[in-house]
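Structure file final-v1.txt (compact mmCIF, N, CA and C atoms) is printed below.
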# COMPACT_ATOMS: atom_id res chain seq x y z
N MET A 155 36.06 0.78 -1.77
CA MET A 155 35.12 1.57 -2.54
C MET A 155 34.11 0.68 -3.29
N LEU A 156 34.63 -0.39 -3.90
CA LEU A 156 33.76 -1.30 -4.63
C LEU A 156 32.68 -1.88 -3.72
N GLU A 157 33.07 -2.28 -2.53
CA GLU A 157 32.12 -2.86 -1.57
C GLU A 157 31.04 -1.85 -1.20
N ALA A 158 31.44 -0.61 -0.97
CA ALA A 158 30.48 0.42 -0.57
C ALA A 158 29.47 0.70 -1.68
N VAL A 159 29.93 0.77 -2.90
CA VAL A 159 29.03 1.05 -4.03
C VAL A 159 28.08 -0.13 -4.25
N PHE A 160 28.64 -1.34 -4.18
CA PHE A 160 27.79 -2.52 -4.36
C PHE A 160 26.73 -2.58 -3.26
N ASN A 161 27.14 -2.33 -2.03
CA ASN A 161 26.19 -2.34 -0.91
C ASN A 161 25.11 -1.27 -1.09
N GLU A 162 25.48 -0.13 -1.58
CA GLU A 162 24.51 0.95 -1.81
C GLU A 162 23.47 0.52 -2.84
N ILE A 163 23.91 -0.09 -3.92
CA ILE A 163 22.98 -0.56 -4.95
C ILE A 163 22.07 -1.65 -4.39
N TYR A 164 22.67 -2.60 -3.68
CA TYR A 164 21.90 -3.69 -3.07
C TYR A 164 20.83 -3.14 -2.13
N MET A 165 21.21 -2.18 -1.31
CA MET A 165 20.26 -1.57 -0.37
C MET A 165 19.12 -0.86 -1.10
N LYS A 166 19.43 -0.19 -2.19
CA LYS A 166 18.38 0.51 -2.95
C LYS A 166 17.37 -0.47 -3.53
N PHE A 167 17.85 -1.60 -4.03
CA PHE A 167 16.92 -2.62 -4.53
C PHE A 167 16.06 -3.16 -3.40
N LYS A 168 16.68 -3.47 -2.26
CA LYS A 168 15.92 -3.98 -1.12
C LYS A 168 14.90 -2.95 -0.64
N LEU A 169 15.32 -1.71 -0.52
CA LEU A 169 14.40 -0.68 -0.04
C LEU A 169 13.21 -0.50 -0.97
N ASN A 170 13.44 -0.56 -2.26
CA ASN A 170 12.34 -0.45 -3.20
C ASN A 170 11.36 -1.61 -3.01
N PHE A 171 11.90 -2.81 -2.82
CA PHE A 171 11.05 -3.98 -2.60
C PHE A 171 10.27 -3.84 -1.30
N TYR A 172 10.95 -3.46 -0.22
CA TYR A 172 10.28 -3.30 1.07
C TYR A 172 9.20 -2.23 1.01
N LYS A 173 9.48 -1.16 0.32
CA LYS A 173 8.49 -0.08 0.18
C LYS A 173 7.22 -0.61 -0.49
N SER A 174 7.39 -1.40 -1.54
CA SER A 174 6.22 -1.94 -2.22
C SER A 174 5.49 -2.95 -1.35
N VAL A 175 6.23 -3.74 -0.57
CA VAL A 175 5.60 -4.71 0.34
C VAL A 175 4.75 -3.97 1.37
N PHE A 176 5.33 -2.99 2.05
CA PHE A 176 4.60 -2.30 3.10
C PHE A 176 3.45 -1.45 2.55
N ARG A 177 3.62 -0.91 1.35
CA ARG A 177 2.53 -0.16 0.74
C ARG A 177 1.35 -1.08 0.48
N ARG A 178 1.63 -2.26 -0.05
CA ARG A 178 0.55 -3.21 -0.34
C ARG A 178 -0.08 -3.77 0.92
N VAL A 179 0.74 -4.01 1.95
CA VAL A 179 0.17 -4.47 3.23
C VAL A 179 -0.74 -3.39 3.78
N GLY A 180 -0.29 -2.15 3.74
CA GLY A 180 -1.08 -1.03 4.25
C GLY A 180 -2.37 -0.80 3.48
N GLU A 181 -2.33 -1.05 2.18
CA GLU A 181 -3.52 -0.87 1.35
C GLU A 181 -4.40 -2.12 1.33
N ARG A 182 -3.97 -3.15 2.05
CA ARG A 182 -4.67 -4.43 2.12
C ARG A 182 -4.78 -5.11 0.77
N LYS A 183 -3.88 -4.75 -0.17
CA LYS A 183 -3.83 -5.45 -1.46
C LYS A 183 -3.08 -6.76 -1.32
N LEU A 184 -2.38 -6.88 -0.23
CA LEU A 184 -1.57 -8.06 0.02
C LEU A 184 -2.02 -8.67 1.34
N SER A 185 -2.44 -9.91 1.30
CA SER A 185 -2.95 -10.53 2.52
C SER A 185 -1.84 -11.25 3.29
N LEU A 186 -0.61 -10.84 3.11
CA LEU A 186 0.52 -11.48 3.77
C LEU A 186 1.17 -10.54 4.78
N SER A 187 1.69 -11.13 5.84
CA SER A 187 2.51 -10.36 6.78
C SER A 187 3.90 -10.21 6.16
N ALA A 188 4.72 -9.37 6.73
CA ALA A 188 6.08 -9.18 6.23
C ALA A 188 6.85 -10.50 6.29
N THR A 189 6.69 -11.26 7.37
CA THR A 189 7.37 -12.56 7.49
C THR A 189 6.91 -13.52 6.40
N GLU A 190 5.63 -13.51 6.10
CA GLU A 190 5.12 -14.38 5.04
C GLU A 190 5.66 -13.96 3.68
N VAL A 191 5.80 -12.65 3.47
CA VAL A 191 6.38 -12.17 2.21
C VAL A 191 7.78 -12.71 2.05
N PHE A 192 8.58 -12.63 3.11
CA PHE A 192 9.94 -13.14 3.04
C PHE A 192 9.94 -14.65 2.82
N SER A 193 9.03 -15.35 3.45
CA SER A 193 8.96 -16.81 3.30
C SER A 193 8.64 -17.20 1.86
N VAL A 194 7.65 -16.58 1.28
CA VAL A 194 7.28 -16.93 -0.09
C VAL A 194 8.37 -16.48 -1.08
N GLU A 195 9.05 -15.41 -0.76
CA GLU A 195 10.16 -14.98 -1.62
C GLU A 195 11.30 -16.00 -1.58
N VAL A 196 11.56 -16.57 -0.40
CA VAL A 196 12.59 -17.62 -0.28
C VAL A 196 12.18 -18.83 -1.09
N ILE A 197 10.93 -19.23 -0.99
CA ILE A 197 10.44 -20.37 -1.76
C ILE A 197 10.62 -20.11 -3.25
N TYR A 198 10.29 -18.93 -3.69
CA TYR A 198 10.44 -18.55 -5.09
C TYR A 198 11.91 -18.62 -5.51
N ALA A 199 12.78 -18.06 -4.69
CA ALA A 199 14.21 -18.02 -5.01
C ALA A 199 14.84 -19.42 -5.02
N LEU A 200 14.36 -20.31 -4.15
CA LEU A 200 14.90 -21.67 -4.10
C LEU A 200 14.44 -22.53 -5.27
N GLY A 201 13.34 -22.15 -5.90
CA GLY A 201 12.88 -22.87 -7.09
C GLY A 201 12.38 -24.28 -6.82
N ARG A 202 11.17 -24.39 -6.32
CA ARG A 202 10.51 -25.67 -6.04
C ARG A 202 11.18 -26.49 -4.94
N PRO A 203 11.46 -25.88 -3.80
CA PRO A 203 12.07 -26.65 -2.71
C PRO A 203 11.03 -27.57 -2.07
N THR A 204 11.53 -28.56 -1.36
CA THR A 204 10.65 -29.35 -0.50
C THR A 204 10.46 -28.55 0.79
N ILE A 205 9.51 -28.98 1.61
CA ILE A 205 9.32 -28.30 2.89
C ILE A 205 10.58 -28.41 3.74
N ARG A 206 11.23 -29.57 3.70
CA ARG A 206 12.48 -29.77 4.45
C ARG A 206 13.57 -28.80 3.96
N GLU A 207 13.71 -28.65 2.65
CA GLU A 207 14.73 -27.73 2.10
C GLU A 207 14.44 -26.29 2.51
N PHE A 208 13.16 -25.92 2.48
CA PHE A 208 12.76 -24.58 2.91
C PHE A 208 13.09 -24.39 4.39
N ALA A 209 12.73 -25.36 5.22
CA ALA A 209 12.99 -25.29 6.66
C ALA A 209 14.49 -25.20 6.94
N ASP A 210 15.26 -26.04 6.28
CA ASP A 210 16.71 -26.03 6.48
C ASP A 210 17.32 -24.70 6.06
N PHE A 211 16.84 -24.15 4.96
CA PHE A 211 17.41 -22.91 4.46
C PHE A 211 17.20 -21.75 5.42
N ILE A 212 16.00 -21.66 6.00
CA ILE A 212 15.74 -20.53 6.90
C ILE A 212 15.95 -20.90 8.37
N HIS A 213 16.48 -22.10 8.59
CA HIS A 213 16.86 -22.56 9.93
C HIS A 213 15.69 -22.57 10.93
N ILE A 214 14.60 -23.23 10.51
CA ILE A 214 13.48 -23.43 11.41
C ILE A 214 13.12 -24.90 11.40
N SER A 215 12.30 -25.32 12.36
CA SER A 215 11.89 -26.72 12.42
C SER A 215 10.95 -27.04 11.26
N GLN A 216 10.89 -28.30 10.92
CA GLN A 216 9.98 -28.71 9.84
C GLN A 216 8.51 -28.44 10.21
N PRO A 217 8.07 -28.69 11.46
CA PRO A 217 6.68 -28.34 11.80
C PRO A 217 6.39 -26.84 11.65
N ASN A 218 7.35 -26.01 12.04
CA ASN A 218 7.17 -24.56 11.88
C ASN A 218 7.09 -24.20 10.40
N ALA A 219 7.95 -24.80 9.59
CA ALA A 219 7.92 -24.55 8.14
C ALA A 219 6.60 -25.01 7.54
N THR A 220 6.12 -26.17 7.97
CA THR A 220 4.84 -26.69 7.48
C THR A 220 3.71 -25.73 7.82
N TYR A 221 3.73 -25.18 9.02
CA TYR A 221 2.72 -24.20 9.43
C TYR A 221 2.76 -22.98 8.52
N LYS A 222 3.97 -22.45 8.27
CA LYS A 222 4.11 -21.28 7.39
C LYS A 222 3.63 -21.59 5.98
N VAL A 223 4.03 -22.74 5.47
CA VAL A 223 3.64 -23.13 4.12
C VAL A 223 2.13 -23.29 4.01
N ASN A 224 1.52 -23.95 4.99
CA ASN A 224 0.07 -24.13 4.95
C ASN A 224 -0.66 -22.80 4.94
N SER A 225 -0.15 -21.82 5.66
CA SER A 225 -0.75 -20.49 5.65
C SER A 225 -0.62 -19.85 4.26
N LEU A 226 0.54 -20.02 3.64
CA LEU A 226 0.75 -19.46 2.30
C LEU A 226 -0.12 -20.17 1.26
N VAL A 227 -0.33 -21.47 1.45
CA VAL A 227 -1.22 -22.23 0.55
C VAL A 227 -2.65 -21.72 0.71
N LYS A 228 -3.08 -21.58 1.96
CA LYS A 228 -4.44 -21.12 2.25
C LYS A 228 -4.71 -19.74 1.65
N LYS A 229 -3.70 -18.88 1.65
CA LYS A 229 -3.85 -17.52 1.12
C LYS A 229 -3.64 -17.46 -0.40
N GLY A 230 -3.26 -18.60 -0.99
CA GLY A 230 -3.18 -18.68 -2.45
C GLY A 230 -1.86 -18.25 -3.06
N TYR A 231 -0.79 -18.19 -2.27
CA TYR A 231 0.50 -17.76 -2.80
C TYR A 231 1.45 -18.90 -3.11
N VAL A 232 1.17 -20.09 -2.57
CA VAL A 232 2.04 -21.26 -2.75
C VAL A 232 1.17 -22.48 -2.99
N ASN A 233 1.65 -23.38 -3.83
CA ASN A 233 1.03 -24.69 -4.02
C ASN A 233 1.99 -25.77 -3.55
N LYS A 234 1.43 -26.83 -2.98
CA LYS A 234 2.22 -28.01 -2.63
C LYS A 234 1.95 -29.05 -3.71
N VAL A 235 3.03 -29.48 -4.37
CA VAL A 235 2.90 -30.43 -5.48
C VAL A 235 3.61 -31.71 -5.09
N ASN A 236 2.89 -32.84 -5.19
CA ASN A 236 3.49 -34.13 -4.86
C ASN A 236 4.72 -34.41 -5.71
N SER A 237 5.74 -34.93 -5.06
CA SER A 237 6.96 -35.33 -5.75
C SER A 237 6.65 -36.55 -6.60
N THR A 238 7.23 -36.62 -7.78
CA THR A 238 7.01 -37.79 -8.63
C THR A 238 7.79 -39.00 -8.12
N SER A 239 8.89 -38.75 -7.40
CA SER A 239 9.71 -39.86 -6.92
C SER A 239 9.29 -40.37 -5.55
N ASP A 240 8.69 -39.50 -4.72
CA ASP A 240 8.28 -39.90 -3.37
C ASP A 240 6.96 -39.20 -3.05
N LYS A 241 5.89 -39.94 -3.08
CA LYS A 241 4.55 -39.36 -2.91
C LYS A 241 4.32 -38.75 -1.51
N ARG A 242 5.20 -39.06 -0.55
CA ARG A 242 5.08 -38.46 0.78
C ARG A 242 5.68 -37.06 0.83
N GLU A 243 6.41 -36.71 -0.20
CA GLU A 243 7.13 -35.43 -0.23
C GLU A 243 6.43 -34.44 -1.16
N TYR A 244 6.48 -33.18 -0.77
CA TYR A 244 5.88 -32.12 -1.58
C TYR A 244 6.96 -31.13 -2.01
N HIS A 245 6.80 -30.64 -3.23
CA HIS A 245 7.62 -29.51 -3.69
C HIS A 245 6.73 -28.27 -3.62
N LEU A 246 7.33 -27.17 -3.27
CA LEU A 246 6.60 -25.92 -3.12
C LEU A 246 6.78 -25.07 -4.37
N GLU A 247 5.68 -24.56 -4.87
CA GLU A 247 5.70 -23.70 -6.04
C GLU A 247 4.91 -22.44 -5.75
N VAL A 248 5.42 -21.31 -6.19
CA VAL A 248 4.65 -20.07 -6.04
C VAL A 248 3.56 -20.07 -7.11
N THR A 249 2.49 -19.39 -6.81
CA THR A 249 1.34 -19.33 -7.72
C THR A 249 1.41 -18.06 -8.57
N ALA A 250 0.49 -17.99 -9.51
CA ALA A 250 0.37 -16.79 -10.34
C ALA A 250 0.06 -15.57 -9.47
N LYS A 251 -0.66 -15.78 -8.39
CA LYS A 251 -0.98 -14.68 -7.48
C LYS A 251 0.30 -14.05 -6.94
N PHE A 252 1.28 -14.89 -6.55
CA PHE A 252 2.55 -14.35 -6.08
C PHE A 252 3.31 -13.69 -7.23
N ARG A 253 3.35 -14.34 -8.38
CA ARG A 253 4.10 -13.78 -9.51
C ARG A 253 3.52 -12.42 -9.91
N ASP A 254 2.21 -12.27 -9.85
CA ASP A 254 1.59 -10.97 -10.14
C ASP A 254 2.04 -9.93 -9.13
N TYR A 255 2.07 -10.32 -7.86
CA TYR A 255 2.53 -9.43 -6.80
C TYR A 255 4.00 -9.08 -7.00
N TYR A 256 4.80 -10.08 -7.34
CA TYR A 256 6.25 -9.89 -7.46
C TYR A 256 6.61 -9.04 -8.67
N GLN A 257 5.68 -8.88 -9.57
CA GLN A 257 5.89 -8.06 -10.77
C GLN A 257 6.38 -6.66 -10.42
N VAL A 258 6.01 -6.15 -9.25
CA VAL A 258 6.46 -4.83 -8.81
C VAL A 258 7.98 -4.79 -8.77
N ASN A 259 8.59 -5.83 -8.25
CA ASN A 259 10.05 -5.92 -8.19
C ASN A 259 10.63 -5.99 -9.60
N ASP A 260 10.04 -6.80 -10.46
CA ASP A 260 10.51 -6.94 -11.83
C ASP A 260 10.41 -5.62 -12.59
N THR A 261 9.36 -4.87 -12.33
CA THR A 261 9.17 -3.58 -12.98
C THR A 261 10.31 -2.62 -12.62
N TYR A 262 10.69 -2.60 -11.37
CA TYR A 262 11.78 -1.73 -10.92
C TYR A 262 13.10 -2.15 -11.57
N ILE A 263 13.35 -3.44 -11.64
CA ILE A 263 14.58 -3.93 -12.27
C ILE A 263 14.61 -3.55 -13.74
N LYS A 264 13.49 -3.71 -14.43
CA LYS A 264 13.43 -3.33 -15.85
C LYS A 264 13.66 -1.84 -16.02
N GLU A 265 13.14 -1.04 -15.10
CA GLU A 265 13.34 0.41 -15.15
C GLU A 265 14.83 0.74 -15.01
N VAL A 266 15.49 0.14 -14.05
CA VAL A 266 16.91 0.39 -13.82
C VAL A 266 17.73 -0.09 -15.02
N MET A 267 17.41 -1.27 -15.55
CA MET A 267 18.14 -1.79 -16.70
C MET A 267 17.92 -0.91 -17.93
N GLY A 268 16.73 -0.36 -18.08
CA GLY A 268 16.47 0.58 -19.18
C GLY A 268 17.33 1.82 -19.07
N ARG A 269 17.50 2.32 -17.85
CA ARG A 269 18.37 3.48 -17.62
C ARG A 269 19.83 3.15 -17.94
N ILE A 270 20.24 1.92 -17.61
CA ILE A 270 21.61 1.49 -17.93
C ILE A 270 21.80 1.48 -19.44
N ARG A 271 20.85 0.93 -20.17
CA ARG A 271 20.95 0.87 -21.64
C ARG A 271 20.98 2.27 -22.25
N GLU A 272 20.27 3.21 -21.66
CA GLU A 272 20.28 4.58 -22.16
C GLU A 272 21.60 5.29 -21.86
N ARG A 273 22.14 5.03 -20.70
CA ARG A 273 23.31 5.76 -20.22
C ARG A 273 24.63 5.25 -20.76
N PHE A 274 24.72 3.94 -20.97
CA PHE A 274 25.98 3.32 -21.37
C PHE A 274 25.90 2.83 -22.81
N THR A 275 27.07 2.63 -23.40
CA THR A 275 27.11 2.10 -24.75
C THR A 275 26.66 0.65 -24.73
N GLU A 276 26.37 0.13 -25.91
CA GLU A 276 25.96 -1.26 -26.01
C GLU A 276 27.07 -2.18 -25.52
N GLU A 277 28.32 -1.85 -25.84
CA GLU A 277 29.46 -2.65 -25.40
C GLU A 277 29.60 -2.60 -23.87
N GLU A 278 29.42 -1.44 -23.25
CA GLU A 278 29.50 -1.33 -21.79
C GLU A 278 28.40 -2.14 -21.13
N ALA A 279 27.20 -2.11 -21.70
CA ALA A 279 26.08 -2.88 -21.16
C ALA A 279 26.36 -4.38 -21.26
N ARG A 280 26.94 -4.81 -22.39
CA ARG A 280 27.30 -6.23 -22.53
C ARG A 280 28.36 -6.64 -21.51
N GLN A 281 29.34 -5.76 -21.29
CA GLN A 281 30.39 -6.04 -20.31
C GLN A 281 29.79 -6.14 -18.89
N PHE A 282 28.88 -5.23 -18.59
CA PHE A 282 28.20 -5.26 -17.29
C PHE A 282 27.42 -6.57 -17.13
N GLU A 283 26.73 -6.98 -18.19
CA GLU A 283 25.99 -8.25 -18.14
C GLU A 283 26.95 -9.41 -17.93
N ARG A 284 28.09 -9.39 -18.60
CA ARG A 284 29.09 -10.44 -18.43
C ARG A 284 29.57 -10.49 -16.98
N MET A 285 29.82 -9.34 -16.37
CA MET A 285 30.27 -9.31 -14.98
C MET A 285 29.19 -9.83 -14.04
N LEU A 286 27.96 -9.45 -14.28
CA LEU A 286 26.86 -9.94 -13.45
C LEU A 286 26.70 -11.45 -13.59
N THR A 287 26.86 -11.96 -14.80
CA THR A 287 26.77 -13.40 -15.04
C THR A 287 27.85 -14.14 -14.26
N ILE A 288 29.07 -13.62 -14.28
CA ILE A 288 30.16 -14.23 -13.54
C ILE A 288 29.85 -14.20 -12.05
N MET A 289 29.34 -13.07 -11.57
CA MET A 289 28.97 -12.96 -10.15
C MET A 289 27.94 -14.02 -9.78
N SER A 290 26.94 -14.17 -10.62
CA SER A 290 25.85 -15.10 -10.33
C SER A 290 26.32 -16.55 -10.37
N LYS A 291 27.10 -16.92 -11.36
CA LYS A 291 27.49 -18.32 -11.56
C LYS A 291 28.71 -18.74 -10.76
N GLU A 292 29.68 -17.87 -10.62
CA GLU A 292 30.95 -18.28 -10.07
C GLU A 292 31.27 -17.72 -8.68
N LEU A 293 30.80 -16.53 -8.41
CA LEU A 293 31.20 -15.89 -7.16
C LEU A 293 30.20 -16.11 -6.03
N MET A 294 28.99 -16.46 -6.36
CA MET A 294 27.98 -16.62 -5.33
C MET A 294 27.94 -18.07 -4.88
As structure tokens, what does this structure read like?
Amino acid sequence: MLEAVFNEIYMKFKLNFYKSVFRRVGERKLSLSATEVFSVEVIYALGRPTIREFADFIHISQPNATYKVNSLVKKGYVNKVNSTSDKREYHLEVTAKFRDYYQVNDTYIKEVMGRIRERFTEEEARQFERMLTIMSKELM
């Protein structure tokens, strides 16, 4: 039962994100393909990866990753920043343009968390936060 409920919640978050992605692609507010959206989201989640780390994570060749990254740079969603320790290496950072776009996801999360705070006691909300923290730090 726990697995089914967790999966249902996870799917609802994903569906909300996908809906906003496809709505923006359809309205041409987003100049990224669905694959590019996933790529920049991975870069964001990895937190300043190198091109090699990005390529390894999504299991593609480094030249293919470089091609994807260059497209994201050209469209203004990612910056390549020289490594301080090795000038031949770049770290990838998402830009304000991506963070503005990603705000849609953050807005939905804030909405859901607001509903949790309204529905549950302060102690229940703290316990839920504690469980989520354990999931994030220890179980993942």
query = Looking only at the backbone, which of the residues in segment 161-283 of chain A does DSSP tag as strand (DSSP E), as a PyMOL selection string?
reply = chain A and resi 232-236+244-248
Taking 3 positions as the minimum chain separation for residues in the same chain, which residues sit within 7 Å of segment 236-253 of chain A when counting all atoms listed in the file? Answer as a PDB file with N, CA and C atoms, keeping the file's coordinate frame.
ATOM      1  N   ILE A 197      10.930 -19.230  -0.990  1.00  0.00           N
ATOM      2  CA  ILE A 197      10.440 -20.370  -1.760  1.00  0.00           C
ATOM      3  C   ILE A 197      10.620 -20.110  -3.250  1.00  0.00           C
ATOM      4  N   TYR A 198      10.290 -18.930  -3.690  1.00  0.00           N
ATOM      5  CA  TYR A 198      10.440 -18.550  -5.090  1.00  0.00           C
ATOM      6  C   TYR A 198      11.910 -18.620  -5.510  1.00  0.00           C
ATOM      7  N   GLY A 201      13.340 -22.150  -5.900  1.00  0.00           N
ATOM      8  CA  GLY A 201      12.880 -22.870  -7.090  1.00  0.00           C
ATOM      9  C   GLY A 201      12.380 -24.280  -6.820  1.00  0.00           C
ATOM     10  N   ARG A 202      11.170 -24.390  -6.320  1.00  0.00           N
ATOM     11  CA  ARG A 202      10.510 -25.670  -6.040  1.00  0.00           C
ATOM     12  C   ARG A 202      11.180 -26.490  -4.940  1.00  0.00           C
ATOM     13  N   PRO A 203      11.460 -25.880  -3.800  1.00  0.00           N
ATOM     14  CA  PRO A 203      12.070 -26.650  -2.710  1.00  0.00           C
ATOM     15  C   PRO A 203      11.030 -27.570  -2.070  1.00  0.00           C
ATOM     16  N   THR A 204      11.530 -28.560  -1.360  1.00  0.00           N
ATOM     17  CA  THR A 204      10.650 -29.350  -0.500  1.00  0.00           C
ATOM     18  C   THR A 204      10.460 -28.550   0.790  1.00  0.00           C
ATOM     19  N   ILE A 205       9.510 -28.980   1.610  1.00  0.00           N
ATOM     20  CA  ILE A 205       9.320 -28.300   2.890  1.00  0.00           C
ATOM     21  C   ILE A 205      10.580 -28.410   3.740  1.00  0.00           C
ATOM     22  N   GLY A 230      -3.260 -18.600  -0.990  1.00  0.00           N
ATOM     23  CA  GLY A 230      -3.180 -18.680  -2.450  1.00  0.00           C
ATOM     24  C   GLY A 230      -1.860 -18.250  -3.060  1.00  0.00           C
ATOM     25  N   TYR A 231      -0.790 -18.190  -2.270  1.00  0.00           N
ATOM     26  CA  TYR A 231       0.500 -17.760  -2.800  1.00  0.00           C
ATOM     27  C   TYR A 231       1.450 -18.900  -3.110  1.00  0.00           C
ATOM     28  N   VAL A 232       1.170 -20.090  -2.570  1.00  0.00           N
ATOM     29  CA  VAL A 232       2.040 -21.260  -2.750  1.00  0.00           C
ATOM     30  C   VAL A 232       1.170 -22.480  -2.990  1.00  0.00           C
ATOM     31  N   ASN A 233       1.650 -23.380  -3.830  1.00  0.00           N
ATOM     32  CA  ASN A 233       1.030 -24.690  -4.020  1.00  0.00           C
ATOM     33  C   ASN A 233       1.990 -25.770  -3.550  1.00  0.00           C
ATOM     34  N   TYR A 256       4.800 -10.080  -7.340  1.00  0.00           N
ATOM     35  CA  TYR A 256       6.250  -9.890  -7.460  1.00  0.00           C
ATOM     36  C   TYR A 256       6.610  -9.040  -8.670  1.00  0.00           C
ATOM     37  N   GLN A 257       5.680  -8.880  -9.570  1.00  0.00           N
ATOM     38  CA  GLN A 257       5.890  -8.060 -10.770  1.00  0.00           C
ATOM     39  C   GLN A 257       6.380  -6.660 -10.420  1.00  0.00           C
ATOM     40  N   VAL A 258       6.010  -6.150  -9.250  1.00  0.00           N
ATOM     41  CA  VAL A 258       6.460  -4.830  -8.810  1.00  0.00           C
ATOM     42  C   VAL A 258       7.980  -4.790  -8.770  1.00  0.00           C
TER      43      VAL A 258
END
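Computed from the coordinates, the atom N of Glu278 of chain A to atom N of Glu265 of chain A distance equals 18.2 Å.
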Pairwise distance, atom C of Met267 of chain A with atom CA of Ala279 of chain A, equals 9.0 Å
Problem - For atom N of Val194 of chain A and atom CA of Asp260 of chain A, the interatomic separation in Å (one decimal) - result: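 Interatomic distance, atom N of Val194 of chain A to atom CA of Asp260 of chain A: 16.5 Å.
In this comparison, which uses all atoms listed in the file, the residue of A:Met155, A:Val235, A:Leu293, A:Leu226 approaching Glu190 of chain A most closely is A:Leu226.
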In segment 160-285 of chain A, DSSP helix (DSSP H, G or I) residues written as number ranges by chain: A: 160-180, 188-200, 205-212, 216-228, 250-273, 276-285
